[in-house]
Number of protein chains: 2
Amino acid sequence: MTKLNQSYGFLFGKILQQMENKFAETLTPFNIDARQYGVLLFVKENPYSTQKLIAEKLHIDRTTMVSHVDHLEKLQFVERTKNPNDRRAYSLLITEEGNSVLETCWGFLLNTESEVLFTLNEQEKQSLKITLLKVWSSLQNQGGKFYDCT
Amino acid sequence: MTKLNQSYGFLFGKILQQMENKFAETLTPFNIDARQYGVLLFVKENPYSTQKLIAEKLHIDRTTMVSHVDHLEKLQFVERTKNPNDRRAYSLLITEEGNSVLETCWGFLLNTESEVLFTLNEQEKQSLKITLLKVWSSLQNQGGKFYDCT
DNA sequence: TATTGTTATACTCTATAACTATA
DNA sequence: TATAGTTATAGAGTATAACAATA
């Protein structure tokens with residue numbers, strides 16, 4: 001037993017990297033990366049969001065957000081509609097096509113995670129998810145920020 | 001409950017990012033980053049390694065490894081000694097100072113992890129570590145690669 | 001001919017500062 | 001005066017290709 005794998009961070013990192021690599025492959029044919037997938041999912045779950053809000057919630061710089069939304073708009077996965085109450089800001093909406101890509105990729109994401117966690121039985125997976133949610137909730141309540149999504 | 005936090009990858013990512021941010025702060029005064037800490041720990045646990053071997057095991061490109069080792073050597077945390085059996089390659093060794101930094105930072109790393117996992121009791125933490133080790137072992141046996149360390 | 005380490009270079013991702021149009 | 005979005009630019013971090021020394 002080496003010291004390296006006594007570190008939670010090390011173990012989280014290894015497992016996450018496997019998931020990220022597999023999921024990135026999945027997304028390639030759809031022409032988006034994991035960040036853009038996260039933005040798309042956020043827009044679906046929070047319609048009429050401004051770019052500023054998404055940037056804050058996903059902890060992505062607002063200038064970076066511009067290029068993500070540019071990309072998603074060019075693919076016609078989101079629409080930029082002008083907010084009548086504040087003409088400086090956009091109200092973002094997911095399109096039907098964007099929604100369909102999201103649904104497809106969500107299935108692939110779950111598959112990817114199952115592949116990486118194949119060694120765990122259902123009870124172990126449930127227990128792991130409960131633990132992770134507990135930790136994440138505690139960090140949010142602590143004033144921890146809502147970081148970028150996979 | 002949003003879909004985002006039903007994803008293991010999303011939850012792993014959030015928790016890992018908290019750990020990484022905190023640990024990066026810890027390392028700042030020692031003038032190294034998390035990758036270099038990983039290299040240093042690997043050199044300690046695998047003395048006389050070549051740069052090539054470390055690069056392969058930690059899944060870092062060998063040209064990137066050059067600059068990591070350059071940096072660690074400049075700080076006198078590792079020594080490059082010539083391998084008499086293969087004069088193309090170095091045999092890397094950790095120095096006393098490197099070892100002392102490593103020990104100090106290891107303590108900080110464990111503290112950081114405890115801070116992030118503060119909401120879990122000892123039994124939950126043990127159970128989490130066992131689960132993570134199980135997943136990581138299964139990935140290694142699958143031919144999964146040994147990725148970069150935190 | 002293949003391999004270790006090196007260098008120069010390019011590419012990706014992100015952040016900083018300055019700009020515009022609104023508020 | 002402050003804010004949403006944009007643009008141009010610079011900075012990490014990493015990867016690719018070509019080279020020297022050695023196998």
# chains A, B, ... in the order shown; residues from 1 in each chain; ligands from 1

call {"tool": "interface_residues", "arguments": {"of": "chain A", "to": "chain C", "cutoff": "9 Å", "atoms": "only C-alpha atoms (C1' of nucleotides)", "output": "list in words"}}
result
Asp61, Thr63, Thr64, Asp86, Arg87, Arg88 and Ala89 of chain A

call {"tool": "write_last_selection", "arguments": {"atoms": "N, CA and C atoms", "output": "short mmCIF file (atom, residue, chain, number, x, y, z; two decimals), in the first residue's frame"}}
result
data_model
loop_
_atom_site.label_atom_id
_atom_site.label_comp_id
_atom_site.auth_asym_id
_atom_site.auth_seq_id
_atom_site.Cartn_x
_atom_site.Cartn_y
_atom_site.Cartn_z
N ASP A 61 -15.85 31.73 -15.87
CA ASP A 61 -15.72 33.17 -16.13
C ASP A 61 -16.73 33.60 -17.19
N THR A 63 -16.50 35.72 -19.53
CA THR A 63 -15.94 35.83 -20.89
C THR A 63 -15.81 34.45 -21.53
N THR A 64 -15.55 33.46 -20.71
CA THR A 64 -15.51 32.08 -21.21
C THR A 64 -16.92 31.62 -21.56
N ASP A 86 -34.57 43.81 -19.15
CA ASP A 86 -33.20 44.33 -19.06
C ASP A 86 -32.54 44.06 -20.40
N ARG A 87 -32.53 45.09 -21.23
CA ARG A 87 -32.08 44.86 -22.60
C ARG A 87 -30.56 44.68 -22.73
N ARG A 88 -29.86 44.74 -21.58
CA ARG A 88 -28.43 44.41 -21.64
C ARG A 88 -28.25 42.89 -21.69
N ALA A 89 -29.21 42.20 -21.09
CA ALA A 89 -29.02 40.76 -20.84
C ALA A 89 -29.80 39.88 -21.80
#

call {"tool": "select_by_dssp", "arguments": {"residues": "chain B", "states": "helix (DSSP H, G or I)", "output": "VMD selection string"}}
result
chain B and resid 4 to 6 8 to 30 34 to 45 51 to 58 62 to 74 96 to 116 122 to 141

call {"tool": "residues_around", "arguments": {"residues": "Gln76 of chain A", "least_positions_apart": "3", "cutoff": "10 Å", "atoms": "only C-alpha atoms (C1' of nucleotides)", "output": "list in words"}}
result
Asp70, His71, Leu72, Glu73, Glu79, Arg80, Ile94, Thr95, Glu96, Glu97 and Gly98 of chain A

call {"tool": "closest_atom_pairs", "arguments": {"of": "chain D", "to": "chain A", "cutoff": "10 Å", "atoms": "only C-alpha atoms (C1' of nucleotides)", "output": "tab-separated table"}}
result
residue	atom	partner	partner_atom	distance
D:DT3	C1'	A:Arg88	CA	8.3
D:DA4	C1'	A:Ala89	CA	5.1
D:DG5	C1'	A:Ala89	CA	7.1
D:DT6	C1'	A:Val66	CA	7.8
D:DT7	C1'	A:Thr63	CA	9.2

call {"tool": "write_last_selection", "arguments": {"atoms": "N, CA and C atoms (P, O5', C5', C4', C3', O3' and C1' of nucleotides)", "output": "PDB file, in the first residue's frame"}}
result
ATOM      1  P    DT D   3     -22.357  46.582 -10.014  1.00  0.00           P
ATOM      2  O5'  DT D   3     -23.027  46.046 -11.358  1.00  0.00           O
ATOM      3  C5'  DT D   3     -24.437  46.142 -11.517  1.00  0.00           C
ATOM      4  C4'  DT D   3     -24.810  45.670 -12.910  1.00  0.00           C
ATOM      5  C3'  DT D   3     -24.147  44.347 -13.305  1.00  0.00           C
ATOM      6  O3'  DT D   3     -25.142  43.499 -13.855  1.00  0.00           O
ATOM      7  C1'  DT D   3     -23.797  45.973 -14.976  1.00  0.00           C
ATOM      8  P    DA D   4     -24.779  41.981 -14.297  1.00  0.00           P
ATOM      9  O5'  DA D   4     -24.987  42.010 -15.880  1.00  0.00           O
ATOM     10  C5'  DA D   4     -26.298  42.015 -16.408  1.00  0.00           C
ATOM     11  C4'  DA D   4     -26.267  41.724 -17.893  1.00  0.00           C
ATOM     12  C3'  DA D   4     -25.529  40.435 -18.252  1.00  0.00           C
ATOM     13  O3'  DA D   4     -26.235  39.741 -19.278  1.00  0.00           O
ATOM     14  C1'  DA D   4     -24.395  42.315 -19.195  1.00  0.00           C
ATOM     15  P    DG D   5     -25.656  38.349 -19.838  1.00  0.00           P
ATOM     16  O5'  DG D   5     -24.757  38.853 -21.037  1.00  0.00           O
ATOM     17  C5'  DG D   5     -25.363  39.464 -22.168  1.00  0.00           C
ATOM     18  C4'  DG D   5     -24.294  40.082 -23.042  1.00  0.00           C
ATOM     19  C3'  DG D   5     -23.310  39.086 -23.661  1.00  0.00           C
ATOM     20  O3'  DG D   5     -23.515  39.036 -25.058  1.00  0.00           O
ATOM     21  C1'  DG D   5     -22.223  41.042 -22.839  1.00  0.00           C
ATOM     22  P    DT D   6     -22.615  38.004 -25.945  1.00  0.00           P
ATOM     23  O5'  DT D   6     -21.350  38.876 -26.329  1.00  0.00           O
ATOM     24  C5'  DT D   6     -21.539  40.096 -27.038  1.00  0.00           C
ATOM     25  C4'  DT D   6     -20.207  40.815 -27.188  1.00  0.00           C
ATOM     26  C3'  DT D   6     -19.110  39.989 -27.843  1.00  0.00           C
ATOM     27  O3'  DT D   6     -18.937  40.503 -29.159  1.00  0.00           O
ATOM     28  C1'  DT D   6     -18.297  41.297 -25.998  1.00  0.00           C
ATOM     29  P    DT D   7     -18.028  39.654 -30.202  1.00  0.00           P
ATOM     30  O5'  DT D   7     -16.554  40.206 -29.931  1.00  0.00           O
ATOM     31  C5'  DT D   7     -16.244  41.564 -30.230  1.00  0.00           C
ATOM     32  C4'  DT D   7     -14.866  41.896 -29.680  1.00  0.00           C
ATOM     33  C3'  DT D   7     -13.740  40.990 -30.180  1.00  0.00           C
ATOM     34  O3'  DT D   7     -12.932  41.738 -31.070  1.00  0.00           O
ATOM     35  C1'  DT D   7     -13.573  41.455 -27.833  1.00  0.00           C
TER      36       DT D   7
END

call {"tool": "interface_residues", "arguments": {"of": "chain B", "to": "chain A", "cutoff": "9 Å", "atoms": "only C-alpha atoms", "output": "ChimeraX atom specification"}}
result
/B:2-20,38,41-42,45,109-110,113,116-120,124-125,127-129,131-136,138-139,144-150

call {"tool": "write_last_selection", "arguments": {"atoms": "C-alpha atoms", "output": "PDB file, in the first residue's frame"}}
result
ATOM      1  CA  THR B   2     -31.637  18.622 -10.112  1.00  0.00           C
ATOM      2  CA  LYS B   3     -30.274  16.095 -12.559  1.00  0.00           C
ATOM      3  CA  LEU B   4     -26.785  17.501 -12.194  1.00  0.00           C
ATOM      4  CA  ASN B   5     -26.324  16.208  -8.680  1.00  0.00           C
ATOM      5  CA  GLN B   6     -27.559  12.767  -9.604  1.00  0.00           C
ATOM      6  CA  SER B   7     -24.322  12.312 -11.513  1.00  0.00           C
ATOM      7  CA  TYR B   8     -21.387  10.674  -9.737  1.00  0.00           C
ATOM      8  CA  GLY B   9     -19.022  12.562 -12.024  1.00  0.00           C
ATOM      9  CA  PHE B  10     -20.569  15.886 -11.052  1.00  0.00           C
ATOM     10  CA  LEU B  11     -20.354  15.085  -7.338  1.00  0.00           C
ATOM     11  CA  PHE B  12     -16.798  13.729  -7.595  1.00  0.00           C
ATOM     12  CA  GLY B  13     -15.831  16.862  -9.505  1.00  0.00           C
ATOM     13  CA  LYS B  14     -17.251  19.250  -6.916  1.00  0.00           C
ATOM     14  CA  ILE B  15     -15.660  17.531  -3.967  1.00  0.00           C
ATOM     15  CA  LEU B  16     -12.328  17.072  -5.716  1.00  0.00           C
ATOM     16  CA  GLN B  17     -12.233  20.713  -6.727  1.00  0.00           C
ATOM     17  CA  GLN B  18     -12.679  21.810  -3.125  1.00  0.00           C
ATOM     18  CA  MET B  19      -9.820  19.554  -2.098  1.00  0.00           C
ATOM     19  CA  GLU B  20      -7.610  20.703  -4.958  1.00  0.00           C
ATOM     20  CA  GLY B  38       2.853  13.809  -6.917  1.00  0.00           C
ATOM     21  CA  LEU B  41       6.002  11.435  -3.662  1.00  0.00           C
ATOM     22  CA  PHE B  42       6.514   8.970  -6.497  1.00  0.00           C
ATOM     23  CA  GLU B  45       8.316   5.705  -2.979  1.00  0.00           C
ATOM     24  CA  LEU B 109      -3.109  17.128   2.590  1.00  0.00           C
ATOM     25  CA  LEU B 110      -4.743  14.896   5.196  1.00  0.00           C
ATOM     26  CA  GLU B 113      -9.252  16.169   3.104  1.00  0.00           C
ATOM     27  CA  VAL B 116     -13.757  18.801   3.090  1.00  0.00           C
ATOM     28  CA  LEU B 117     -15.173  15.559   4.522  1.00  0.00           C
ATOM     29  CA  PHE B 118     -15.929  17.098   7.942  1.00  0.00           C
ATOM     30  CA  THR B 119     -19.585  16.127   7.712  1.00  0.00           C
ATOM     31  CA  LEU B 120     -18.779  12.398   7.647  1.00  0.00           C
ATOM     32  CA  GLU B 124     -18.560   6.811   6.912  1.00  0.00           C
ATOM     33  CA  LYS B 125     -15.069   7.988   5.967  1.00  0.00           C
ATOM     34  CA  SER B 127     -16.493   3.068   4.231  1.00  0.00           C
ATOM     35  CA  LEU B 128     -15.955   5.729   1.559  1.00  0.00           C
ATOM     36  CA  LYS B 129     -12.239   4.989   1.351  1.00  0.00           C
ATOM     37  CA  THR B 131     -15.351   1.873  -1.757  1.00  0.00           C
ATOM     38  CA  LEU B 132     -12.990   4.214  -3.610  1.00  0.00           C
ATOM     39  CA  LEU B 133     -10.094   1.781  -3.292  1.00  0.00           C
ATOM     40  CA  LYS B 134     -12.292  -1.012  -4.599  1.00  0.00           C
ATOM     41  CA  VAL B 135     -13.266   1.031  -7.651  1.00  0.00           C
ATOM     42  CA  TRP B 136      -9.721   2.148  -8.340  1.00  0.00           C
ATOM     43  CA  SER B 138     -10.914  -2.679 -10.437  1.00  0.00           C
ATOM     44  CA  LEU B 139      -9.926  -0.005 -12.949  1.00  0.00           C
ATOM     45  CA  GLY B 144      -6.830   1.221 -16.878  1.00  0.00           C
ATOM     46  CA  LYS B 145      -3.888   3.555 -16.737  1.00  0.00           C
ATOM     47  CA  PHE B 146      -2.322   5.086 -13.659  1.00  0.00           C
ATOM     48  CA  TYR B 147      -3.177   8.732 -13.986  1.00  0.00           C
ATOM     49  CA  ASP B 148      -1.747  11.902 -12.582  1.00  0.00           C
ATOM     50  CA  CYS B 149      -1.929  12.399  -8.879  1.00  0.00           C
ATOM     51  CA  THR B 150      -3.195  15.179  -6.734  1.00  0.00           C
TER      52      THR B 150
END

call {"tool": "select_by_dssp", "arguments": {"residues": "chain A", "states": "strand (DSSP E or B)", "output": "PDB file with C-alpha atoms, in the first residue's frame"}}
result
ATOM      1  CA  SER A  49     -31.172  32.404 -17.253  1.00  0.00           C
ATOM      2  CA  VAL A  78     -29.737  27.098 -27.291  1.00  0.00           C
ATOM      3  CA  GLU A  79     -31.444  30.338 -28.282  1.00  0.00           C
ATOM      4  CA  ARG A  80     -30.431  33.817 -27.155  1.00  0.00           C
ATOM      5  CA  THR A  81     -33.621  35.788 -26.642  1.00  0.00           C
ATOM      6  CA  LYS A  82     -33.538  39.380 -25.467  1.00  0.00           C
ATOM      7  CA  TYR A  90     -30.063  37.661 -22.731  1.00  0.00           C
ATOM      8  CA  SER A  91     -32.641  35.090 -21.664  1.00  0.00           C
ATOM      9  CA  LEU A  92     -31.326  31.709 -22.716  1.00  0.00           C
ATOM     10  CA  LEU A  93     -33.565  28.855 -23.767  1.00  0.00           C
ATOM     11  CA  ILE A  94     -32.770  25.322 -24.816  1.00  0.00           C
TER      12      ILE A  94
END

call {"tool": "decode", "arguments": {"residues": "chain C", "atoms": "N, CA and C atoms (P, O5', C5', C4', C3', O3' and C1' of nucleotides)", "output": "short mmCIF file (atom, residue, chain, number, x, y, z; two decimals), in the first residue's frame"}}
result
data_model
loop_
_atom_site.label_atom_id
_atom_site.label_comp_id
_atom_site.auth_asym_id
_atom_site.auth_seq_id
_atom_site.Cartn_x
_atom_site.Cartn_y
_atom_site.Cartn_z
P DT C 1 17.39 1.80 -40.43
"O5'" DT C 1 17.21 1.31 -38.92
"C5'" DT C 1 16.52 0.05 -38.66
"C4'" DT C 1 16.27 -0.01 -37.19
"C3'" DT C 1 15.24 1.01 -36.69
"O3'" DT C 1 14.23 0.32 -35.98
"C1'" DT C 1 17.23 1.12 -35.39
P DA C 2 13.04 1.15 -35.36
"O5'" DA C 2 13.44 1.24 -33.82
"C5'" DA C 2 13.78 0.05 -33.12
"C4'" DA C 2 14.04 0.37 -31.66
"C3'" DA C 2 13.01 1.30 -31.02
"O3'" DA C 2 12.79 0.86 -29.69
"C1'" DA C 2 15.15 2.29 -30.89
P DT C 3 11.78 1.59 -28.74
"O5'" DT C 3 12.74 2.42 -27.78
"C5'" DT C 3 13.67 1.74 -26.98
"C4'" DT C 3 14.42 2.73 -26.11
"C3'" DT C 3 13.51 3.74 -25.40
"O3'" DT C 3 13.94 3.88 -24.06
"C1'" DT C 3 15.17 4.88 -26.58
P DT C 4 13.12 4.65 -22.98
"O5'" DT C 4 14.10 5.84 -22.57
"C5'" DT C 4 15.25 5.58 -21.77
"C4'" DT C 4 15.98 6.89 -21.49
"C3'" DT C 4 15.09 7.95 -20.85
"O3'" DT C 4 15.73 8.46 -19.69
"C1'" DT C 4 16.11 8.80 -22.84
P DG C 5 14.94 9.46 -18.70
"O5'" DG C 5 15.36 10.89 -19.28
"C5'" DG C 5 16.75 11.24 -19.27
"C4'" DG C 5 16.99 12.40 -20.22
"C3'" DG C 5 16.24 13.68 -19.87
"O3'" DG C 5 17.19 14.68 -19.54
"C1'" DG C 5 16.18 13.22 -22.21
P DT C 6 16.67 16.14 -19.08
"O5'" DT C 6 16.55 16.94 -20.44
"C5'" DT C 6 17.74 17.16 -21.21
"C4'" DT C 6 17.41 17.82 -22.52
"C3'" DT C 6 16.66 19.14 -22.40
"O3'" DT C 6 17.60 20.18 -22.62
"C1'" DT C 6 15.89 17.78 -24.23
P DT C 7 17.19 21.68 -22.30
"O5'" DT C 7 16.50 22.17 -23.65
"C5'" DT C 7 17.29 22.29 -24.84
"C4'" DT C 7 16.40 22.52 -26.04
"C3'" DT C 7 15.53 23.77 -25.94
"O3'" DT C 7 15.99 24.70 -26.92
"C1'" DT C 7 14.32 21.89 -26.79
P DA C 8 15.42 26.20 -26.92
"O5'" DA C 8 14.42 26.16 -28.16
"C5'" DA C 8 14.73 25.35 -29.28
"C4'" DA C 8 13.52 25.27 -30.21
"C3'" DA C 8 12.64 26.53 -30.19
"O3'" DA C 8 12.22 26.78 -31.53
"C1'" DA C 8 11.35 24.65 -29.62
P DT C 9 11.28 28.06 -31.87
"O5'" DT C 9 9.85 27.42 -32.06
"C5'" DT C 9 9.71 26.23 -32.84
"C4'" DT C 9 8.31 25.68 -32.68
"C3'" DT C 9 7.20 26.74 -32.69
"O3'" DT C 9 6.32 26.47 -33.77
"C1'" DT C 9 6.89 25.17 -30.93
P DA C 10 5.09 27.47 -34.07
"O5'" DA C 10 3.84 26.61 -33.58
"C5'" DA C 10 3.72 25.26 -34.01
"C4'" DA C 10 2.54 24.60 -33.31
"C3'" DA C 10 1.27 25.46 -33.31
"O3'" DA C 10 0.16 24.59 -33.44
"C1'" DA C 10 1.89 24.97 -31.09
P DC C 11 -1.25 25.13 -33.96
"O5'" DC C 11 -2.30 24.29 -33.12
"C5'" DC C 11 -1.89 23.10 -32.46
"C4'" DC C 11 -2.55 22.98 -31.10
"C3'" DC C 11 -3.86 23.78 -30.98
"O3'" DC C 11 -4.89 22.89 -30.58
"C1'" DC C 11 -2.45 24.17 -29.12
P DT C 12 -6.43 23.35 -30.64
"O5'" DT C 12 -6.87 23.26 -29.12
"C5'" DT C 12 -6.44 22.16 -28.32
"C4'" DT C 12 -6.67 22.48 -26.85
"C3'" DT C 12 -7.98 23.21 -26.58
"O3'" DT C 12 -8.64 22.56 -25.51
"C1'" DT C 12 -6.18 24.37 -25.59
P DC C 13 -10.20 22.81 -25.21
"O5'" DC C 13 -10.18 23.53 -23.79
"C5'" DC C 13 -9.27 23.08 -22.77
"C4'" DC C 13 -9.03 24.21 -21.80
"C3'" DC C 13 -10.27 25.08 -21.54
"O3'" DC C 13 -10.64 24.95 -20.17
"C1'" DC C 13 -8.31 26.39 -21.87
P DT C 14 -11.94 25.70 -19.60
"O5'" DT C 14 -11.33 27.01 -18.92
"C5'" DT C 14 -10.15 26.89 -18.15
"C4'" DT C 14 -9.53 28.26 -17.93
"C3'" DT C 14 -10.52 29.35 -17.51
"O3'" DT C 14 -10.30 29.66 -16.15
"C1'" DT C 14 -8.94 30.13 -19.13
P DA C 15 -11.07 30.89 -15.40
"O5'" DA C 15 -10.11 32.15 -15.51
"C5'" DA C 15 -8.73 32.01 -15.16
"C4'" DA C 15 -8.00 33.34 -15.35
"C3'" DA C 15 -8.72 34.55 -14.78
"O3'" DA C 15 -7.75 35.43 -14.21
"C1'" DA C 15 -8.40 34.82 -17.12
P DT C 16 -8.23 36.83 -13.51
"O5'" DT C 16 -7.83 37.96 -14.56
"C5'" DT C 16 -6.51 37.97 -15.09
"C4'" DT C 16 -6.25 39.28 -15.83
"C3'" DT C 16 -6.97 40.50 -15.25
"O3'" DT C 16 -6.07 41.59 -15.30
"C1'" DT C 16 -7.65 40.14 -17.50
P DA C 17 -6.54 43.09 -14.75
"O5'" DA C 17 -6.85 43.86 -16.10
"C5'" DA C 17 -5.97 43.70 -17.22
"C4'" DA C 17 -6.44 44.57 -18.36
"C3'" DA C 17 -7.16 45.84 -17.92
"O3'" DA C 17 -6.74 46.92 -18.76
"C1'" DA C 17 -8.61 44.54 -19.26
P DA C 18 -7.37 48.39 -18.60
"O5'" DA C 18 -8.21 48.53 -19.94
"C5'" DA C 18 -7.62 48.20 -21.20
"C4'" DA C 18 -8.68 48.23 -22.28
"C3'" DA C 18 -9.56 49.48 -22.27
"O3'" DA C 18 -9.81 49.89 -23.61
"C1'" DA C 18 -10.92 47.57 -22.11
P DC C 19 -10.49 51.26 -23.93
"O5'" DC C 19 -11.94 50.87 -24.48
"C5'" DC C 19 -12.06 50.38 -25.82
"C4'" DC C 19 -13.39 49.67 -25.98
"C3'" DC C 19 -14.60 50.59 -25.94
"O3'" DC C 19 -14.99 50.93 -27.28
"C1'" DC C 19 -14.95 48.47 -24.84
P DT C 20 -16.46 51.61 -27.52
"O5'" DT C 20 -17.42 50.35 -27.42
"C5'" DT C 20 -18.21 49.90 -28.53
"C4'" DT C 20 -19.58 49.58 -28.03
"C3'" DT C 20 -20.36 50.81 -27.61
"O3'" DT C 20 -21.28 51.27 -28.62
"C1'" DT C 20 -20.53 49.01 -25.99
P DA C 21 -22.47 50.46 -29.30
"O5'" DA C 21 -23.52 50.22 -28.11
"C5'" DA C 21 -24.51 49.20 -28.29
"C4'" DA C 21 -25.30 49.06 -27.00
"C3'" DA C 21 -26.10 50.31 -26.63
"O3'" DA C 21 -27.45 50.26 -27.13
"C1'" DA C 21 -25.00 49.30 -24.73
P DT C 22 -28.48 49.25 -26.46
"O5'" DT C 22 -29.17 49.99 -25.27
"C5'" DT C 22 -30.03 49.28 -24.47
"C4'" DT C 22 -29.44 48.95 -23.09
"C3'" DT C 22 -30.29 49.49 -21.95
"O3'" DT C 22 -31.18 48.49 -21.52
"C1'" DT C 22 -27.95 49.56 -21.48
P DA C 23 -32.39 48.93 -20.64
"O5'" DA C 23 -31.77 49.24 -19.22
"C5'" DA C 23 -31.39 48.16 -18.40
"C4'" DA C 23 -30.81 48.69 -17.10
"C3'" DA C 23 -31.75 49.61 -16.35
"O3'" DA C 23 -32.38 48.87 -15.32
"C1'" DA C 23 -29.48 50.40 -16.35
#
